[in-house]
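my_file.tsv (TSV, C-alpha atoms) appears below.
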```
chain	number	residue	atom	x	y	z
A	973	MET	CA	0.00	0.00	0.00
A	974	SER	CA	1.40	3.39	-0.99
A	975	VAL	CA	1.74	6.34	1.38
A	976	ARG	CA	-1.19	8.03	-0.36
A	977	GLU	CA	-3.36	4.94	-0.06
A	978	LYS	CA	-2.57	4.71	3.67
A	979	PHE	CA	-3.46	8.37	4.11
A	980	ASP	CA	-6.76	7.98	2.25
A	981	LEU	CA	-7.63	4.90	4.30
A	982	GLU	CA	-7.00	6.64	7.62
A	983	LEU	CA	-8.84	9.75	6.44
A	984	ASN	CA	-11.88	7.70	5.43
A	985	LEU	CA	-11.91	6.01	8.84
A	986	ALA	CA	-11.85	9.41	10.55
A	987	GLN	CA	-14.63	10.75	8.32
A	988	ASN	CA	-16.76	7.67	9.02
A	989	GLN	CA	-16.29	8.25	12.73
A	990	LEU	CA	-17.38	11.86	12.22
A	991	ILE	CA	-20.57	10.68	10.52
A	992	GLU	CA	-21.15	8.31	13.45
A	993	LEU	CA	-20.60	11.20	15.87
A	994	SER	CA	-23.08	13.38	14.00
A	995	THR	CA	-25.71	10.64	14.19
A	996	MET	CA	-25.15	10.30	17.93
A	997	ALA	CA	-25.30	14.05	18.59
A	998	ILE	CA	-28.44	14.59	16.50
A	999	GLY	CA	-30.05	11.57	18.14
A	1000	ALA	CA	-29.27	12.95	21.60
A	1001	LEU	CA	-30.78	16.33	20.71
A	1002	ASP	CA	-33.93	14.67	19.37
A	1003	LYS	CA	-34.22	12.39	22.37
A	1004	SER	CA	-33.81	15.23	24.86
A	1005	ILE	CA	-36.73	17.17	23.37
A	1006	ASP	CA	-38.85	14.02	23.11
A	1007	ALA	CA	-38.15	13.44	26.79
A	1008	LEU	CA	-39.37	16.96	27.55
A	1009	ILE	CA	-42.54	16.53	25.49
A	1010	ASN	CA	-43.36	13.16	27.07
A	1011	HIS	CA	-42.20	14.00	30.62
A	1012	ASP	CA	-39.92	10.95	30.22
A	1013	ILE	CA	-37.36	11.14	33.01
A	1014	ASP	CA	-35.82	7.78	32.09
A	1015	ALA	CA	-35.15	8.96	28.53
A	1016	ALA	CA	-33.61	12.18	29.87
A	1017	LEU	CA	-31.31	10.13	32.11
A	1018	GLU	CA	-30.29	8.02	29.10
A	1019	VAL	CA	-29.28	11.17	27.21
A	1020	ILE	CA	-27.02	12.14	30.12
A	1021	GLU	CA	-25.51	8.66	30.39
A	1022	ASP	CA	-24.96	8.30	26.64
A	1023	ASP	CA	-22.98	11.55	26.47
A	1024	ALA	CA	-19.90	9.61	27.55
A	1025	ASP	CA	-20.07	7.71	24.23
A	1026	ILE	CA	-20.23	10.97	22.28
A	1027	ASN	CA	-17.19	12.27	24.16
A	1028	MET	CA	-15.32	9.03	23.51
A	1029	VAL	CA	-15.91	9.15	19.73
A	1030	GLU	CA	-14.77	12.78	19.60
A	1031	GLU	CA	-11.57	11.82	21.43
A	1032	GLU	CA	-11.00	8.92	19.04
A	1033	ILE	CA	-11.34	11.25	16.05
A	1034	ASN	CA	-8.87	13.70	17.60
A	1035	ASP	CA	-6.37	10.93	18.35
A	1036	ARG	CA	-6.69	9.46	14.86
A	1037	VAL	CA	-6.20	12.83	13.17
A	1038	ILE	CA	-3.19	13.72	15.33
A	1039	LEU	CA	-1.64	10.36	14.47
A	1040	ILE	CA	-2.24	10.92	10.75
A	1041	ILE	CA	-0.57	14.34	10.93
A	1042	ALA	CA	2.38	12.93	12.87
A	1043	LYS	CA	2.92	9.98	10.51
A	1044	GLN	CA	2.02	11.52	7.14
A	1045	ALA	CA	2.94	15.21	7.54
A	1046	PRO	CA	0.14	16.33	5.18
A	1047	VAL	CA	0.12	19.78	3.58
A	1048	ALA	CA	-2.31	22.11	1.80
A	1049	THR	CA	-5.80	20.66	1.28
A	1050	ASP	CA	-5.02	17.40	3.07
A	1051	LEU	CA	-3.94	19.24	6.21
A	1052	ARG	CA	-6.95	21.55	5.98
A	1053	ARG	CA	-9.27	18.55	5.79
A	1054	LEU	CA	-7.79	17.06	8.95
A	1055	VAL	CA	-8.00	20.33	10.88
A	1056	VAL	CA	-11.64	20.70	9.78
A	1057	LEU	CA	-12.43	17.18	11.00
A	1058	ILE	CA	-11.23	18.06	14.50
A	1059	LYS	CA	-13.18	21.32	14.55
A	1060	ILE	CA	-16.42	19.72	13.34
A	1061	ALA	CA	-16.03	16.93	15.88
A	1062	SER	CA	-15.74	19.59	18.59
A	1063	ASP	CA	-18.96	21.27	17.37
A	1064	LEU	CA	-20.80	17.95	17.43
A	1065	GLU	CA	-19.54	17.19	20.93
A	1066	ARG	CA	-20.87	20.56	22.09
A	1067	ILE	CA	-24.27	19.72	20.60
A	1068	GLY	CA	-24.22	16.54	22.67
A	1069	ASP	CA	-23.55	18.73	25.71
A	1070	TYR	CA	-26.57	20.89	24.90
A	1071	ALA	CA	-28.70	17.74	24.69
A	1072	VAL	CA	-27.46	16.85	28.19
A	1073	ASN	CA	-28.37	20.34	29.41
A	1074	ILE	CA	-31.88	19.99	27.96
A	1075	ALA	CA	-32.20	16.58	29.62
A	1076	LYS	CA	-31.19	18.08	32.98
A	1077	GLU	CA	-33.79	20.84	32.65
A	1078	THR	CA	-36.36	18.18	31.71
A	1079	ILE	CA	-35.56	16.28	34.90
A	1080	ARG	CA	-35.97	19.49	36.93
A	1081	ILE	CA	-39.40	20.06	35.34
A	1082	GLY	CA	-40.27	16.45	36.11
A	1083	LYS	CA	-43.86	15.31	35.71
A	1084	ASP	CA	-45.32	18.81	36.19
A	1085	GLU	CA	-47.69	19.90	33.46
A	1086	LEU	CA	-46.11	22.47	31.18
A	1087	VAL	CA	-47.46	25.93	31.89
A	1088	THR	CA	-47.38	26.87	28.19
A	1089	PRO	CA	-47.32	25.02	24.85
A	1090	ILE	CA	-43.81	24.43	23.52
A	1091	GLU	CA	-44.59	24.41	19.80
A	1092	LEU	CA	-41.87	26.99	19.12
A	1093	ILE	CA	-39.26	24.82	20.86
A	1094	LYS	CA	-40.45	21.84	18.80
A	1095	GLN	CA	-40.06	23.90	15.61
A	1096	MET	CA	-36.57	24.94	16.70
A	1097	ARG	CA	-35.70	21.28	17.26
A	1098	ASN	CA	-37.00	20.30	13.82
A	1099	LEU	CA	-35.02	23.06	12.12
A	1100	ALA	CA	-31.83	22.52	14.11
A	1101	THR	CA	-31.72	18.76	13.49
A	1102	ALA	CA	-32.51	19.30	9.79
A	1103	MET	CA	-29.67	21.82	9.62
A	1104	LEU	CA	-27.26	19.36	11.21
A	1105	ARG	CA	-28.21	16.54	8.85
A	1106	GLN	CA	-27.89	18.82	5.84
A	1107	VAL	CA	-24.56	20.31	6.86
A	1108	ILE	CA	-22.99	16.89	7.43
A	1109	GLU	CA	-24.29	15.81	4.02
A	1110	ALA	CA	-22.86	19.02	2.53
A	1111	PHE	CA	-19.51	18.31	4.19
A	1112	ILE	CA	-19.36	14.78	2.79
A	1113	GLU	CA	-20.24	16.05	-0.69
A	1114	GLU	CA	-18.17	19.25	-0.30
A	1115	ASP	CA	-21.26	21.15	-1.45
A	1116	VAL	CA	-20.94	24.82	-0.48
A	1117	VAL	CA	-24.38	25.64	-1.90
A	1118	LYS	CA	-25.99	23.34	0.66
A	1119	GLY	CA	-23.67	24.81	3.24
A	1120	LYS	CA	-24.78	28.36	2.46
A	1121	GLU	CA	-28.42	27.38	3.05
A	1122	ILE	CA	-27.55	26.55	6.66
A	1123	ALA	CA	-27.02	30.22	7.53
A	1124	GLU	CA	-30.46	31.07	6.15
A	1125	LEU	CA	-32.05	28.33	8.25
A	1126	ASP	CA	-30.15	29.61	11.28
A	1127	ASP	CA	-31.87	32.98	10.87
A	1128	GLN	CA	-35.21	31.17	11.12
A	1129	VAL	CA	-34.12	29.47	14.34
A	1130	ASP	CA	-33.05	32.84	15.76
A	1131	GLU	CA	-36.48	34.27	14.97
A	1132	LEU	CA	-38.21	31.33	16.64
A	1133	TYR	CA	-35.96	31.73	19.68
A	1134	GLY	CA	-36.84	35.42	20.00
A	1135	GLU	CA	-40.54	34.64	19.73
A	1136	ALA	CA	-40.26	31.80	22.25
A	1137	ILE	CA	-38.56	34.05	24.81
A	1138	ARG	CA	-41.16	36.79	24.36
A	1139	LYS	CA	-43.98	34.29	24.92
A	1140	LEU	CA	-42.27	32.81	27.97
A	1141	MET	CA	-41.78	36.27	29.47
A	1142	PHE	CA	-45.47	37.02	28.94
A	1143	THR	CA	-46.44	33.68	30.49
A	1144	GLY	CA	-44.20	34.50	33.46
A	1145	SER	CA	-46.06	37.75	34.02
A	1146	GLN	CA	-49.35	35.83	34.05
A	1147	HIS	CA	-48.10	32.91	36.16
A	1148	PRO	CA	-45.42	34.18	38.57
A	1149	ASP	CA	-45.79	30.97	40.59
A	1150	LYS	CA	-44.43	29.04	37.58
A	1151	LEU	CA	-41.33	31.17	37.12
A	1152	SER	CA	-38.96	28.27	37.83
A	1153	GLN	CA	-40.39	26.13	35.01
A	1154	ILE	CA	-40.54	29.10	32.64
A	1155	THR	CA	-36.84	29.74	33.31
A	1156	GLN	CA	-36.07	26.10	32.56
A	1157	LEU	CA	-37.99	26.29	29.27
A	1158	ALA	CA	-36.10	29.47	28.38
A	1159	PHE	CA	-32.80	27.66	28.95
A	1160	ILE	CA	-33.99	24.79	26.74
A	1161	ALA	CA	-34.87	27.23	23.95
A	1162	ARG	CA	-31.41	28.78	24.33
A	1163	TYR	CA	-29.70	25.40	24.07
A	1164	MET	CA	-31.61	24.66	20.87
A	1165	GLU	CA	-30.62	28.04	19.42
A	1166	ARG	CA	-26.97	27.37	20.26
A	1167	SER	CA	-27.14	23.93	18.64
A	1168	ALA	CA	-28.27	25.59	15.41
A	1169	ASP	CA	-25.34	28.01	15.72
A	1170	HIS	CA	-22.98	25.04	15.79
A	1171	ALA	CA	-24.51	23.77	12.55
A	1172	THR	CA	-23.54	27.14	11.05
A	1173	ASN	CA	-20.03	26.74	12.49
A	1174	ILE	CA	-19.77	23.43	10.65
A	1175	ALA	CA	-20.91	25.11	7.42
A	1176	GLU	CA	-18.14	27.70	7.90
A	1177	GLN	CA	-15.62	24.87	8.24
A	1178	LEU	CA	-16.93	23.42	4.97
A	1179	PHE	CA	-16.26	26.76	3.23
A	1180	TYR	CA	-12.75	26.80	4.71
A	1181	LEU	CA	-12.13	23.27	3.47
A	1182	VAL	CA	-13.32	23.92	-0.07
A	1183	ARG	CA	-12.13	27.50	-0.59
A	1184	GLY	CA	-9.22	27.80	1.80
A	1185	LYS	CA	-10.65	30.98	3.35
A	1186	HIS	CA	-12.62	31.72	6.51
A	1187	TYR	CA	-16.19	32.92	6.03
A	1188	HIS	CA	-18.53	34.16	8.76
A	1189	LEU	CA	-21.97	33.03	7.66
A	1190	ASN	CA	-23.80	34.45	10.67
A	1191	GLU	CA	-22.95	38.05	9.79
```

Now, as a test, write the supplied structure out as structure tokens.
Amino acid sequence: MSVREKFDLELNLAQNQLIELSTMAIGALDKSIDALINHDIDAALEVIEDDADINMVEEEINDRVILIIAKQAPVATDLRRLVVLIKIASDLERIGDYAVNIAKETIRIGKDELVTPIELIKQMRNLATAMLRQVIEAFIEEDVVKGKEIAELDDQVDELYGEAIRKLMFTGSQHPDKLSQITQLAFIARYMERSADHATNIAEQLFYLVRGKHYHLNE
């Protein structure tokens, strides 16, 4: 096997692990919101427990990439691709952390009936997870057009977040006795908004990979 073939093999293994990590992170985000909707404390606990697996896969990707760099000394596009893999893995690990945070807030809410409908949070979840699936697909295909669409979707999530916070503040003024739960729901909305931001971060890494320049898609 040639040096180039060895490099390509190791790179493919790292990229496959990244796809696995994305599936785990998106699944955790989905599961955390489902746990909130269904008042499912057991599911929320599973999200927290499973975060160790997400962390482990991120560490494996980092170790693999560092080893590739040490053994192969890649340059130009090859080196850029490896750096991008590490950065995207970090974004996905953070999304897993947000899922854990949502799960913890869900446990704090417990079996109490929600004081207000959470349709806006559900919409944020649907958009954020769609963004994440699309941006990973765009990364695999190196499709910057798909990547650019992520920033537009992120604007929609921001709008939903603003609307959700306004509604929660109004609900708080009507139900001051439920302020603790309203605060927890506000945190959950924030974690969803931040997850969407990380999808945009991944899109920016895609642009860097393909074009060799840094672009700020949120501006």

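Residue nearest Glu1165 (chain A) within the list A:Ile1108, A:Ile1058, A:Leu1092, A:Leu1151: A:Leu1092 [criterion: smallest interatomic distance, only C-alpha atoms].
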
Compile the contact shell of region 1005-1016 of chain A as a VMD selection string: residues with an atom at most 9 Å away, counting only C-alpha atoms, same-chain residues fewer than 3 positions apart removed. chain A and resid 1000 to 1002 1019 to 1021 1071 to 1072 1074 to 1079 1081 to 1086 1090 1093 to 1094 1097 1160

Which residues are near Asn1098 (chain A)? Cut-off 12 Å, all atoms listed in the file, ignore same chain within fewer than 2 positions. Put them as a list of chain:residue names. A:Ile998, A:Gly999, A:Leu1001, A:Asp1002, A:Lys1003, A:Ile1005, A:Asp1006, A:Glu1091, A:Leu1092, A:Ile1093, A:Lys1094, A:Gln1095, A:Met1096, A:Ala1100, A:Thr1101, A:Ala1102, A:Met1103, A:Leu1104, A:Arg1105, A:Leu1125, A:Asp1126, A:Gln1128, A:Val1129, A:Leu1132, A:Met1164, A:Glu1165, A:Ser1167, A:Ala1168

Counting all atoms listed in the file, the option among A:Gln1044, A:Gln1153, A:Gln1106, A:Thr1049 closest to Ile991 (chain A): A:Gln1106

Would you kindly identify which residues have an atom no farther than 9 Å from (-34.5, 31.5, 26.5), using only C-alpha atoms and the file's own coordinates, and write them out as a ChimeraX atom specification? /A:1133-1134,1136-1138,1140,1154-1163,1165

Kindly provide, as lines of an AutoDock Vina configuration file, the centre and edge lengths (Å, one decimal) of an axis-aligned box around all atoms of region 1162-1173 of chain A given in the file, with 6 Å on each side.
```
center_x = -25.8
center_y = 26.3
center_z = 17.7
size_x = 23.6
size_y = 17.0
size_z = 25.3
```

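The two atoms in question, CA of Gly1068 (chain A) and CA of Asp1023 (chain A), are spaced 6.4 Å apart.
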
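Of the residues listed (A:Thr1172, A:Ser1062, A:Gln987, A:Gln1177), A:Thr1172 shows the shortest atom-to-atom separation from Leu1189 (chain A); distances use all atoms listed in the file.
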
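CA of Glu982 (chain A) is found 23.0 Å from CA of Arg1183 (chain A).
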
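Coordinates place CA of Ala1171 (chain A) at a distance of 10.6 Å from CA of Ser994 (chain A).
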
Check the smallest atom-to-atom distance from each of A:Val1107, A:Leu1017, A:Leu981, A:Met996 to Val1037 (chain A) using all atoms listed in the file, then report the winner. A:Leu981

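Distance check against Phe979 (chain A) using only C-alpha atoms: of A:Leu993, A:Ala1024, A:Glu1131, A:Ile1040, the minimum falls on A:Ile1040.
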
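Each of A:Ser1152, A:Asn1173, A:Thr1088, A:Ser974 was checked against Ile1067 (chain A) using all atoms listed in the file; the smallest atom-to-atom distance is that of A:Asn1173.
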
For a cut-off of 12 Å around (-14.6, 11.8, 20.7), file coordinates, pick out all residues using only C-alpha atoms and list them as a PDB file with C-alpha atoms, in the frame of the given file.
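Here's the written file result-v4.pdb:
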```pdb
ATOM      1  CA  ALA A 986     -11.850   9.410  10.550  1.00  0.00           C
ATOM      2  CA  GLN A 989     -16.290   8.250  12.730  1.00  0.00           C
ATOM      3  CA  LEU A 990     -17.380  11.860  12.220  1.00  0.00           C
ATOM      4  CA  ILE A 991     -20.570  10.680  10.520  1.00  0.00           C
ATOM      5  CA  GLU A 992     -21.150   8.310  13.450  1.00  0.00           C
ATOM      6  CA  LEU A 993     -20.600  11.200  15.870  1.00  0.00           C
ATOM      7  CA  SER A 994     -23.080  13.380  14.000  1.00  0.00           C
ATOM      8  CA  MET A 996     -25.150  10.300  17.930  1.00  0.00           C
ATOM      9  CA  ALA A 997     -25.300  14.050  18.590  1.00  0.00           C
ATOM     10  CA  ASP A1023     -22.980  11.550  26.470  1.00  0.00           C
ATOM     11  CA  ALA A1024     -19.900   9.610  27.550  1.00  0.00           C
ATOM     12  CA  ASP A1025     -20.070   7.710  24.230  1.00  0.00           C
ATOM     13  CA  ILE A1026     -20.230  10.970  22.280  1.00  0.00           C
ATOM     14  CA  ASN A1027     -17.190  12.270  24.160  1.00  0.00           C
ATOM     15  CA  MET A1028     -15.320   9.030  23.510  1.00  0.00           C
ATOM     16  CA  VAL A1029     -15.910   9.150  19.730  1.00  0.00           C
ATOM     17  CA  GLU A1030     -14.770  12.780  19.600  1.00  0.00           C
ATOM     18  CA  GLU A1031     -11.570  11.820  21.430  1.00  0.00           C
ATOM     19  CA  GLU A1032     -11.000   8.920  19.040  1.00  0.00           C
ATOM     20  CA  ILE A1033     -11.340  11.250  16.050  1.00  0.00           C
ATOM     21  CA  ASN A1034      -8.870  13.700  17.600  1.00  0.00           C
ATOM     22  CA  ASP A1035      -6.370  10.930  18.350  1.00  0.00           C
ATOM     23  CA  ARG A1036      -6.690   9.460  14.860  1.00  0.00           C
ATOM     24  CA  VAL A1037      -6.200  12.830  13.170  1.00  0.00           C
ATOM     25  CA  LEU A1057     -12.430  17.180  11.000  1.00  0.00           C
ATOM     26  CA  ILE A1058     -11.230  18.060  14.500  1.00  0.00           C
ATOM     27  CA  LYS A1059     -13.180  21.320  14.550  1.00  0.00           C
ATOM     28  CA  ILE A1060     -16.420  19.720  13.340  1.00  0.00           C
ATOM     29  CA  ALA A1061     -16.030  16.930  15.880  1.00  0.00           C
ATOM     30  CA  SER A1062     -15.740  19.590  18.590  1.00  0.00           C
ATOM     31  CA  ASP A1063     -18.960  21.270  17.370  1.00  0.00           C
ATOM     32  CA  LEU A1064     -20.800  17.950  17.430  1.00  0.00           C
ATOM     33  CA  GLU A1065     -19.540  17.190  20.930  1.00  0.00           C
ATOM     34  CA  ARG A1066     -20.870  20.560  22.090  1.00  0.00           C
ATOM     35  CA  GLY A1068     -24.220  16.540  22.670  1.00  0.00           C
TER      36      GLY A1068
END
```
